[in-house]
$ cat data.txt   # compact mmCIF, C-alpha atoms
# COMPACT_ATOMS: atom_id res chain seq x y z
CA MET A 861 -41.44 73.35 33.94
CA GLU A 862 -40.60 76.30 31.79
CA TYR A 863 -39.58 75.62 28.18
CA SER A 864 -36.10 77.12 28.73
CA ASN A 865 -35.48 74.76 31.64
CA VAL A 866 -36.45 71.74 29.49
CA LEU A 867 -33.90 72.74 26.88
CA LYS A 868 -31.21 73.06 29.56
CA LEU A 869 -32.00 69.55 30.87
CA ILE A 870 -31.84 68.01 27.39
CA ALA A 871 -28.54 69.72 26.69
CA ALA A 872 -27.09 68.34 29.93
CA LEU A 873 -28.19 64.80 29.07
CA VAL A 874 -26.66 65.02 25.58
CA CYS A 875 -23.35 66.17 27.05
CA SER A 876 -23.35 63.26 29.49
CA ILE A 877 -23.97 60.75 26.73
CA CYS A 878 -21.15 62.20 24.61
CA VAL A 879 -18.74 61.90 27.53
CA VAL A 880 -19.66 58.24 28.04
CA VAL A 881 -19.30 57.42 24.35
CA ALA A 882 -15.97 59.23 24.16
CA CYS A 883 -14.65 57.21 27.10
CA THR A 884 -15.57 53.90 25.50
CA GLN A 885 -14.03 54.62 22.07
CA PRO A 886 -10.29 54.34 21.19
CA ASN A 887 -8.58 57.67 21.01
CA SER A 888 -6.40 58.82 18.16
CA THR A 889 -3.23 57.83 19.98
CA GLN A 890 -4.14 54.07 20.22
CA LEU A 891 -2.26 51.59 17.98
CA PRO A 892 -4.16 49.98 15.09
CA LYS A 893 -5.46 46.42 15.67
CA LEU A 894 -2.77 43.83 14.94
CA PRO A 895 -3.45 41.04 12.41
CA ASP A 896 -4.83 37.81 13.82
CA PRO A 897 -1.77 35.52 14.26
CA ASN A 898 -3.98 32.55 13.36
CA LEU A 899 -4.53 33.83 9.83
CA SER A 900 -1.92 33.01 7.21
CA GLY A 901 -3.26 35.11 4.36
CA VAL A 902 -2.82 32.13 2.02
CA VAL A 903 -5.25 31.98 -0.88
CA PHE A 904 -5.41 28.72 -2.84
CA GLY A 905 -6.19 28.38 -6.53
CA ARG A 906 -8.95 26.10 -7.77
CA ALA A 907 -6.59 23.23 -8.60
CA GLN A 908 -4.98 23.49 -5.17
CA ILE A 909 -8.38 23.41 -3.49
CA GLU A 910 -9.18 20.13 -5.25
CA ARG A 911 -5.80 18.66 -4.22
CA VAL A 912 -6.28 19.64 -0.59
CA ASN A 913 -9.77 18.16 -0.52
CA GLU A 914 -8.38 14.87 -1.84
CA MET A 915 -5.68 14.79 0.84
CA GLY A 916 -7.98 14.43 3.84
CA PHE A 917 -8.23 11.48 6.23
CA PRO A 918 -8.53 8.17 4.32
CA GLY A 919 -11.09 6.60 6.64
CA PRO A 920 -11.46 2.86 7.35
CA VAL A 921 -9.10 0.42 5.66
CA PRO A 922 -10.60 -1.35 2.62
CA TYR A 923 -11.66 -4.98 2.86
CA ASP A 924 -9.10 -7.42 1.45
CA VAL A 925 -10.98 -9.83 -0.82
CA THR A 926 -7.92 -12.09 -1.01
CA ASN A 927 -7.96 -12.66 2.76
CA HIS A 928 -11.46 -13.49 3.97
CA LEU A 929 -10.26 -13.45 7.59
CA CYS A 930 -8.71 -9.99 7.34
CA ASP A 931 -11.11 -8.55 9.93
CA ASP A 932 -11.56 -11.67 12.05
CA LEU A 933 -10.75 -10.86 15.69
CA ARG A 934 -9.39 -14.35 16.43
CA ALA A 935 -7.06 -14.10 13.44
CA SER A 936 -5.94 -10.63 14.60
CA LYS A 937 -5.12 -11.94 18.08
CA LEU A 938 -3.19 -14.89 16.65
CA GLY A 939 -1.29 -12.54 14.33
CA HIS A 940 -0.58 -10.21 17.24
CA GLU A 941 1.08 -13.05 19.15
CA LEU A 942 3.05 -14.22 16.10
CA PHE A 943 4.24 -10.68 15.37
CA PHE A 944 6.15 -10.61 18.67
CA ASP A 945 7.21 -14.29 18.62
CA LYS A 946 11.01 -14.57 18.31
CA ASN A 947 10.78 -18.34 17.96
CA LEU A 948 9.66 -17.91 14.37
CA SER A 949 13.27 -17.00 13.53
CA VAL A 950 15.99 -19.59 13.02
CA ASN A 951 17.92 -18.51 16.12
CA GLY A 952 14.96 -17.64 18.36
CA GLU A 953 16.13 -14.03 18.73
CA ILE A 954 14.30 -12.06 16.02
CA SER A 955 10.62 -11.28 15.59
CA CYS A 956 8.66 -9.03 13.28
CA ALA A 957 8.77 -6.44 16.07
CA THR A 958 12.58 -6.44 15.95
CA CYS A 959 12.46 -4.29 12.82
CA HIS A 960 8.97 -2.89 13.32
CA LYS A 961 9.26 -1.38 16.79
CA PRO A 962 6.00 0.10 18.13
CA ASP A 963 7.85 2.95 19.86
CA ARG A 964 9.52 3.99 16.58
CA GLY A 965 6.42 4.20 14.43
CA PHE A 966 6.80 0.48 13.63
CA THR A 967 10.21 1.04 12.01
CA ASP A 968 13.67 0.42 13.49
CA GLY A 969 15.27 3.86 13.11
CA LEU A 970 18.15 2.39 11.09
CA ALA A 971 19.25 3.43 7.61
CA LEU A 972 19.36 -0.26 6.59
CA ASN A 973 17.34 -2.94 8.34
CA ARG A 974 19.16 -5.52 10.45
CA GLY A 975 18.03 -9.03 11.37
CA LEU A 976 20.50 -11.89 11.20
CA ALA A 977 22.64 -9.58 9.08
CA GLN A 978 22.47 -6.07 7.69
CA GLY A 979 19.91 -5.71 4.93
CA VAL A 980 19.95 -3.58 1.82
CA HIS A 981 16.82 -1.44 2.36
CA ASN A 982 15.32 0.85 4.95
CA THR A 983 12.47 -0.58 7.05
CA LEU A 984 9.08 0.69 5.92
CA THR A 985 6.47 1.41 8.56
CA ILE A 986 3.40 -0.81 8.77
CA LEU A 987 1.28 1.95 10.27
CA ASP A 988 -1.70 2.38 7.93
CA ALA A 989 -0.13 -0.16 5.54
CA ALA A 990 -3.51 -1.82 5.04
CA HIS A 991 -4.41 1.06 2.71
CA GLN A 992 -1.53 0.22 0.36
CA THR A 993 -1.54 -1.86 -2.84
CA TRP A 994 2.14 -2.81 -3.11
CA PHE A 995 4.52 -3.84 -0.33
CA ASN A 996 8.29 -3.59 0.10
CA TRP A 997 10.27 -0.91 -1.68
CA ASP A 998 10.17 -2.82 -4.97
CA GLY A 999 6.55 -3.98 -4.67
CA ARG A 1000 7.38 -7.68 -4.79
CA PHE A 1001 4.33 -8.41 -2.62
CA ASP A 1002 0.80 -7.41 -3.54
CA SER A 1003 -0.98 -7.99 -0.21
CA MET A 1004 -0.21 -7.71 3.48
CA TRP A 1005 -0.51 -11.46 3.96
CA SER A 1006 1.85 -12.30 1.11
CA GLN A 1007 4.40 -9.81 2.45
CA ALA A 1008 4.27 -11.24 5.96
CA HIS A 1009 6.04 -14.50 5.06
CA GLY A 1010 8.92 -12.75 3.28
CA PRO A 1011 11.03 -11.72 6.30
CA MET A 1012 10.56 -15.09 8.03
CA SER A 1013 12.44 -16.94 5.28
CA HIS A 1014 14.82 -14.17 4.21
CA PRO A 1015 18.44 -15.13 5.01
CA ARG A 1016 19.30 -11.62 6.24
CA GLU A 1017 16.19 -11.21 8.36
CA MET A 1018 14.68 -14.15 10.31
CA GLY A 1019 16.42 -16.82 8.21
CA ASN A 1020 14.00 -19.67 8.90
CA THR A 1021 12.43 -22.30 6.64
CA PHE A 1022 8.73 -22.71 6.05
CA GLN A 1023 8.99 -26.25 7.40
CA ASN A 1024 10.51 -25.07 10.70
CA ILE A 1025 7.97 -22.29 11.10
CA VAL A 1026 5.02 -24.64 10.65
CA ASP A 1027 6.62 -27.23 12.93
CA ARG A 1028 6.94 -24.53 15.60
CA ILE A 1029 3.18 -24.04 15.58
CA VAL A 1030 2.31 -27.74 15.25
CA ARG A 1031 4.50 -28.68 18.24
CA ASP A 1032 3.26 -25.86 20.51
CA PRO A 1033 -0.11 -26.97 21.97
CA THR A 1034 -1.31 -23.43 22.71
CA LEU A 1035 -0.30 -21.98 19.34
CA ARG A 1036 -1.70 -24.97 17.49
CA MET A 1037 -5.04 -24.64 19.28
CA LYS A 1038 -5.27 -20.93 18.39
CA TYR A 1039 -4.27 -21.62 14.77
CA GLU A 1040 -6.84 -24.40 14.37
CA GLU A 1041 -9.59 -22.27 15.92
CA VAL A 1042 -9.12 -19.87 13.01
CA PHE A 1043 -8.04 -22.06 10.08
CA GLY A 1044 -9.23 -25.55 10.97
CA GLN A 1045 -7.20 -28.62 11.81
CA PHE A 1046 -3.81 -29.30 10.30
CA PRO A 1047 -3.76 -32.17 7.79
CA GLN A 1048 -2.44 -35.48 9.02
CA GLU A 1049 1.33 -35.60 9.34
CA PRO A 1050 3.70 -35.74 7.62
CA LEU A 1051 2.64 -32.49 6.00
CA SER A 1052 3.15 -32.25 2.25
CA PRO A 1053 4.92 -29.26 0.61
CA ALA A 1054 1.48 -27.97 -0.40
CA ASP A 1055 0.26 -28.32 3.22
CA ILE A 1056 3.29 -26.33 4.38
CA GLU A 1057 2.64 -23.55 1.88
CA ARG A 1058 -1.04 -23.44 2.82
CA ALA A 1059 -0.10 -23.10 6.49
CA ILE A 1060 2.42 -20.36 5.69
CA SER A 1061 -0.21 -18.44 3.74
CA ASN A 1062 -2.56 -18.78 6.74
CA ILE A 1063 0.14 -17.49 9.08
CA GLY A 1064 0.56 -14.54 6.74
CA LYS A 1065 -3.19 -13.90 6.78
CA ALA A 1066 -3.22 -13.90 10.57
CA LEU A 1067 -0.32 -11.46 10.67
CA ALA A 1068 -2.12 -9.27 8.13
CA ALA A 1069 -5.30 -9.35 10.23
CA TYR A 1070 -3.23 -8.03 13.13
CA GLU A 1071 -1.41 -5.39 11.09
CA ARG A 1072 -4.77 -4.08 9.82
CA ARG A 1073 -5.38 -2.98 13.42
CA LEU A 1074 -2.34 -0.70 13.27
CA VAL A 1075 -4.12 2.30 11.81
CA THR A 1076 -3.68 5.85 13.02
CA GLY A 1077 -6.38 8.41 13.67
CA PRO A 1078 -6.72 11.85 12.10
CA SER A 1079 -3.65 14.07 12.09
CA PRO A 1080 -3.65 17.82 12.80
CA PHE A 1081 -3.76 18.33 9.03
CA ASP A 1082 -6.82 16.07 8.70
CA ARG A 1083 -8.66 17.95 11.45
CA TRP A 1084 -7.82 21.24 9.76
CA VAL A 1085 -9.12 19.97 6.41
CA ASP A 1086 -12.39 18.96 8.08
CA ARG A 1087 -12.81 22.44 9.57
CA TRP A 1088 -12.08 24.00 6.21
CA ARG A 1089 -14.59 21.78 4.42
CA ASP A 1090 -17.25 22.77 6.94
CA LEU A 1091 -16.95 26.37 5.75
CA GLN A 1092 -18.02 25.32 2.23
CA LEU A 1093 -16.38 28.48 0.90
CA PRO A 1094 -12.87 28.05 -0.57
CA ARG A 1095 -12.29 31.79 -0.41
CA GLU A 1096 -12.49 31.52 3.38
CA LEU A 1097 -9.50 29.14 3.55
CA ASP A 1098 -7.25 31.67 5.24
CA ARG A 1099 -9.90 32.42 7.85
CA VAL A 1100 -9.95 28.92 9.33
CA PRO A 1101 -8.75 29.03 12.96
CA ALA A 1102 -5.24 27.64 13.02
CA LEU A 1103 -5.45 25.72 16.31
CA ASP A 1104 -2.91 22.96 15.64
CA PHE A 1105 -2.27 24.06 12.04
CA SER A 1106 -0.08 27.13 12.06
CA PRO A 1107 0.24 29.86 9.43
CA SER A 1108 3.65 28.41 8.57
CA ALA A 1109 2.07 24.99 7.97
CA GLN A 1110 -0.59 26.62 5.78
CA ARG A 1111 2.10 28.30 3.71
CA GLY A 1112 3.91 24.96 3.48
CA LEU A 1113 0.71 23.31 2.23
CA ASP A 1114 0.36 26.10 -0.33
CA LEU A 1115 3.86 25.36 -1.58
CA PHE A 1116 3.35 21.58 -1.38
CA THR A 1117 0.31 21.77 -3.67
CA SER A 1118 1.82 24.22 -6.15
CA ARG A 1119 5.38 25.16 -7.12
CA ALA A 1120 7.13 22.47 -5.07
CA LEU A 1121 5.26 19.80 -7.09
CA CYS A 1122 5.25 17.44 -4.07
CA TRP A 1123 1.62 16.66 -4.89
CA GLN A 1124 2.55 14.93 -8.15
CA CYS A 1125 3.82 11.88 -6.23
CA HIS A 1126 2.37 12.48 -2.75
CA VAL A 1127 -1.27 12.76 -3.66
CA GLY A 1128 -4.68 11.74 -2.33
CA PRO A 1129 -5.64 10.67 1.21
CA LEU A 1130 -2.60 8.37 1.53
CA LEU A 1131 -0.24 11.11 0.33
CA THR A 1132 1.30 8.74 -2.19
CA ASP A 1133 0.58 7.74 -5.76
CA GLY A 1134 1.49 4.16 -4.83
CA GLU A 1135 3.78 3.95 -7.83
CA PHE A 1136 7.52 3.54 -8.39
CA HIS A 1137 10.03 6.24 -9.26
CA ALA A 1138 13.79 6.62 -9.68
CA LEU A 1139 14.60 9.87 -7.90
CA GLY A 1140 18.36 9.81 -8.15
CA ALA A 1141 19.26 9.82 -4.45
CA ALA A 1142 22.76 8.35 -4.29
CA PRO A 1143 22.52 4.70 -3.17
CA ARG A 1144 24.72 3.11 -0.53
CA ASN A 1145 25.85 0.46 -3.01
CA ASP A 1146 26.58 0.09 -6.71
CA LEU A 1147 23.95 1.63 -8.98
CA LEU A 1148 23.42 -1.58 -10.94
CA SER A 1149 23.10 -3.91 -7.94
CA ASP A 1150 19.59 -2.85 -6.86
CA PRO A 1151 17.12 -3.17 -9.75
CA GLY A 1152 14.12 -1.98 -7.71
CA ARG A 1153 10.74 -2.38 -9.38
CA PHE A 1154 12.24 -4.32 -12.29
CA ALA A 1155 13.11 -7.20 -9.95
CA GLY A 1156 9.96 -6.69 -7.90
CA VAL A 1157 7.64 -7.48 -10.79
CA THR A 1158 9.56 -10.65 -11.63
CA ALA A 1159 9.55 -11.84 -8.01
CA LEU A 1160 5.87 -11.07 -7.58
CA GLN A 1161 4.74 -13.05 -10.61
CA ALA A 1162 6.84 -16.04 -9.53
CA SER A 1163 5.39 -16.10 -6.00
CA PRO A 1164 2.78 -18.76 -5.11
CA PHE A 1165 1.43 -16.26 -2.54
CA ARG A 1166 0.44 -13.53 -5.01
CA THR A 1167 -3.19 -12.43 -5.09
CA SER A 1168 -3.79 -14.40 -8.29
CA GLY A 1169 -2.21 -17.55 -6.82
CA GLU A 1170 -3.82 -20.67 -5.39
CA TYR A 1171 -3.63 -19.47 -1.78
CA SER A 1172 -5.55 -16.27 -2.46
CA ASP A 1173 -9.18 -16.21 -1.34
CA SER A 1174 -10.07 -14.37 -4.53
CA PRO A 1175 -7.60 -15.38 -7.28
CA HIS A 1176 -9.80 -13.91 -10.02
CA SER A 1177 -10.33 -10.51 -8.46
CA GLU A 1178 -9.54 -7.21 -10.15
CA ARG A 1179 -6.36 -6.95 -8.09
CA ALA A 1180 -5.29 -10.39 -9.25
CA ALA A 1181 -5.86 -9.45 -12.88
CA ILE A 1182 -3.63 -6.38 -12.47
CA VAL A 1183 -0.84 -8.55 -11.06
CA ASP A 1184 -1.04 -10.99 -13.94
CA SER A 1185 -0.82 -8.13 -16.44
CA LEU A 1186 2.41 -6.69 -15.04
CA VAL A 1187 5.52 -6.75 -17.22
CA ALA A 1188 9.06 -6.07 -16.02
CA GLN A 1189 10.44 -3.22 -18.13
CA THR A 1190 13.93 -1.79 -18.27
CA ASP A 1191 12.77 1.73 -17.40
CA GLN A 1192 11.68 0.36 -14.01
CA TRP A 1193 15.31 -0.30 -13.08
CA GLY A 1194 16.20 1.52 -9.87
CA ALA A 1195 12.62 2.69 -9.27
CA PHE A 1196 11.23 2.39 -5.74
CA ARG A 1197 7.81 2.80 -4.21
CA THR A 1198 6.64 6.25 -3.17
CA PRO A 1199 6.06 5.97 0.58
CA SER A 1200 3.09 7.59 2.23
CA LEU A 1201 3.82 10.84 4.04
CA ARG A 1202 1.38 9.94 6.78
CA ASN A 1203 3.26 9.67 10.08
CA VAL A 1204 6.40 10.81 8.27
CA GLY A 1205 7.66 12.49 11.43
CA LEU A 1206 7.91 9.07 13.11
CA THR A 1207 9.76 7.11 10.46
CA ALA A 1208 13.26 8.58 9.99
CA PRO A 1209 15.60 7.95 8.26
CA TYR A 1210 14.19 8.39 4.76
CA PHE A 1211 14.39 6.95 1.21
CA HIS A 1212 14.88 3.30 0.30
CA GLN A 1213 18.33 3.07 1.85
CA GLY A 1214 17.91 5.63 4.59
CA GLN A 1215 20.03 8.11 2.65
CA PHE A 1216 18.62 11.06 4.60
CA ALA A 1217 18.58 11.15 8.38
CA THR A 1218 16.07 13.98 8.78
CA LEU A 1219 13.22 15.67 6.96
CA GLU A 1220 15.41 18.75 6.70
CA GLU A 1221 17.92 16.72 4.67
CA VAL A 1222 15.15 15.41 2.42
CA LEU A 1223 13.90 18.93 1.69
CA HIS A 1224 17.44 20.13 1.05
CA PHE A 1225 17.89 17.33 -1.51
CA TYR A 1226 14.73 18.29 -3.39
CA SER A 1227 15.72 21.94 -3.27
CA THR A 1228 19.26 21.46 -4.59
CA LEU A 1229 19.52 17.87 -5.96
CA GLU A 1230 22.99 17.79 -4.45
CA GLY A 1231 24.60 14.36 -4.83
CA SER A 1232 21.90 13.03 -7.15
CA VAL A 1233 22.84 10.37 -9.69
CA THR A 1234 21.23 8.58 -12.61
CA ILE A 1235 22.13 5.52 -14.66
CA ASP A 1236 20.37 6.36 -17.91
CA HIS A 1237 18.05 8.78 -19.65
CA HIS A 1238 14.97 7.65 -17.69
CA ARG A 1239 15.49 10.28 -15.00
CA GLU A 1240 12.24 11.54 -13.48
CA SER A 1241 11.29 14.51 -15.64
CA ILE A 1242 9.61 16.35 -12.75
CA LEU A 1243 12.71 16.19 -10.55
CA LYS A 1244 14.31 19.59 -10.99
CA LYS A 1245 15.96 21.90 -8.51
CA ARG A 1246 13.37 23.93 -6.63
CA ASP A 1247 15.72 26.42 -4.96
CA PHE A 1248 13.54 26.84 -1.90
CA SER A 1249 14.27 29.81 0.30
CA PRO A 1250 15.07 29.23 3.98
CA GLU A 1251 11.56 30.39 4.88
CA GLU A 1252 9.99 28.03 2.33
CA LEU A 1253 11.99 25.13 3.74
CA ARG A 1254 10.72 25.97 7.23
CA ASP A 1255 7.14 26.19 5.98
CA LEU A 1256 7.32 22.83 4.17
CA LEU A 1257 8.76 21.24 7.29
CA ALA A 1258 5.99 22.77 9.41
CA PHE A 1259 3.40 21.22 7.09
CA LEU A 1260 5.04 17.78 7.11
CA LYS A 1261 5.01 17.80 10.91
CA THR A 1262 1.19 18.04 10.87
CA LEU A 1263 0.84 14.64 9.16
CA ASP A 1264 1.38 12.38 12.20
CA GLY A 1265 -1.91 10.78 13.21
CA THR A 1266 -3.09 9.68 16.63
CA PRO A 1267 -1.56 6.26 17.48
CA PRO A 1268 -3.39 2.93 17.25
CA PRO A 1269 -5.04 1.55 20.41
CA ILE A 1270 -2.35 0.60 22.90
CA GLU A 1271 -3.64 -2.96 23.27
CA TRP A 1272 -2.54 -3.61 19.69
CA THR A 1273 0.89 -2.00 19.97
CA ARG A 1274 2.33 -3.79 22.98
CA ASN A 1275 3.75 -7.29 23.23
CA PRO A 1276 0.79 -9.49 24.25
CA GLN A 1277 3.02 -11.82 26.28
CA SER A 1278 4.45 -8.89 28.26
CA ALA A 1279 0.93 -7.53 28.78
CA GLU A 1280 -0.27 -10.90 30.09
CA ALA A 1281 2.76 -11.13 32.37
CA SER A 1282 2.12 -7.69 33.83
CA VAL A 1283 -1.54 -8.52 34.44
CA GLY A 1284 -0.52 -11.77 36.17
CA ALA A 1285 1.95 -9.93 38.37
CA LYS A 1286 -0.83 -7.75 39.69
$ encode --input "data.txt" --output "structure tokens"
Amino acid sequence: MEYSNVLKLIAALVCSICVVVACTQPNSTQLPKLPDPNLSGVVFGRAQIERVNEMGFPGPVPYDVTNHLCDDLRASKLGHELFFDKNLSVNGEISCATCHKPDRGFTDGLALNRGLAQGVHNTLTILDAAHQTWFNWDGRFDSMWSQAHGPMSHPREMGNTFQNIVDRIVRDPTLRMKYEEVFGQFPQEPLSPADIERAISNIGKALAAYERRLVTGPSPFDRWVDRWRDLQLPRELDRVPALDFSPSAQRGLDLFTSRALCWQCHVGPLLTDGEFHALGAAPRNDLLSDPGRFAGVTALQASPFRTSGEYSDSPHSERAAIVDSLVAQTDQWGAFRTPSLRNVGLTAPYFHQGQFATLEEVLHFYSTLEGSVTIDHHRESILKKRDFSPEELRDLLAFLKTLDGTPPPIEWTRNPQSAEASVGAK
């Protein structure tokens, strides 16, 4: 082939290649690539990164040294049955599940709880309660098993006596057999006051063993934190695929861990500091009639069922020593426990007397402090108006909605008697 023909062939091939390349490239009239909708653009500071890392899934519930049967399956099954047993109430119509309804996040959806009569506080959820240190809004119980007996004898709740409750179990052959399989035989009758209290503490420990099963799995937020940690590069935070954690939720988390100051009380894997604060939300009754933590400390130290008492399985534990060191102080008046924000979307209404029906109302209160009150100079120093914009309120709400975990196993959330009846019907 002549040299001139070779050059012509090469030129033709080059032209063909250019045409192909030109056809596969965007032309000048194409729109620029849009931003990835899964990227929020949020960049967290070093302190925020530490806070977020601490807020991840809490993992298994800690062992309760004051209840050596806390993880015993037989005790859990007995507690499960007792939790739904209305015959533990004085009128045979109220059970633990009356106020802790499984289909309402183990709350009752009421502003104020109602058993035999209307109560004075909102019902706290028992989902994930096994992670907590103090129980009830004023912390008058320091373990799940000591808390369990409280509603049974409370005149506004189940209204029964310890004597009647124990008699109920002693006289029921099936319940007695299950009780004695776990705790040993009842003493010879008539039972002494100490025997009655011992049995009540055992009933509480069985109920606690059941309630320890009511733990939720990771929430969308927890799964997002795990994906972020896997990157091992904080600067890549805004590049984590959103999946079930939207850009709005990321912006809400940014606000939550910074200017909003939510993290000062809702901190760590439980999203609570576990302490007591007077936030100034207007109560439904007289300001001076609900002393909060002040009364809780006094009631706790007088209780024979406290963790340092004779019915504790470890009365000399570190927890017991903390209880014995507590002192009721006047600046605790009107202070109530900071609830966990885990599963917060399931547990409306909110605050110790259900003052706010929705999360939107809660956020509006923190933004404006409208209607807030105080009885003395011990007002929470961090509680100042935040003046959130409408977009910031939406972002905070979006974040809070990512905190609901997967529910406990269904076999622990349904009434065991109803489950047995349905199986028998088949």
$ residues_around --input "data.txt" --residues "Phe1136 of chain A" --least-positions-apart "6" --cutoff "12 Å" --atoms "only C-alpha atoms" --output "JSON, numbers by chain"
{"A": [993, 994, 995, 996, 997, 998, 999, 1000, 1125, 1126, 1151, 1152, 1153, 1154, 1156, 1157, 1191, 1192, 1193, 1194, 1195, 1196, 1197, 1198, 1199, 1212, 1240]}
$ residues_near_point --input "data.txt" --point "(-2.2, -2.9, 6.4)" --cutoff "9 Å" --atoms "all atoms listed in the file" --output "ChimeraX atom specification"
/A:921,986-992,1003-1004,1068-1075
$ closest_residue --input "data.txt" --among "A:Gly1010, A:Leu1035, A:Glu1251, A:Val1042" --to "Glu941 of chain A" --atoms "only C-alpha atoms"
A:Leu1035
$ atom_distance --input "data.txt" --atom1 "atom CA of Ala1258 of chain A" --atom2 "atom CA of Arg1144 of chain A"
28.9 Å
$ atom_distance --input "data.txt" --atom1 "atom CA of Thr1021 of chain A" --atom2 "atom CA of Leu1186 of chain A"
28.5 Å
$ residues_around --input "data.txt" --residues "segment 932-937 of chain A" --least-positions-apart "3" --cutoff "12 Å" --atoms "only C-alpha atoms" --output "number ranges by chain"
A: 923-924, 927-929, 940-944, 1005, 1035, 1037-1044, 1062-1074, 1271-1273, 1275-1277
$ atom_distance --input "data.txt" --atom1 "atom CA of Arg1083 of chain A" --atom2 "atom CA of Thr1262 of chain A"
9.9 Å
$ residues_around --input "data.txt" --residues "Gln1124 of chain A" --least-positions-apart "5" --cutoff "12 Å" --atoms "only C-alpha atoms" --output "list in words"
Gln908, Arg911, Phe1116, Thr1117, Ser1118, Arg1119, Leu1131, Thr1132, Asp1133, Gly1134, Glu1135, His1137, Thr1198, Glu1240, Ser1241, Ile1242 and Leu1243 of chain A
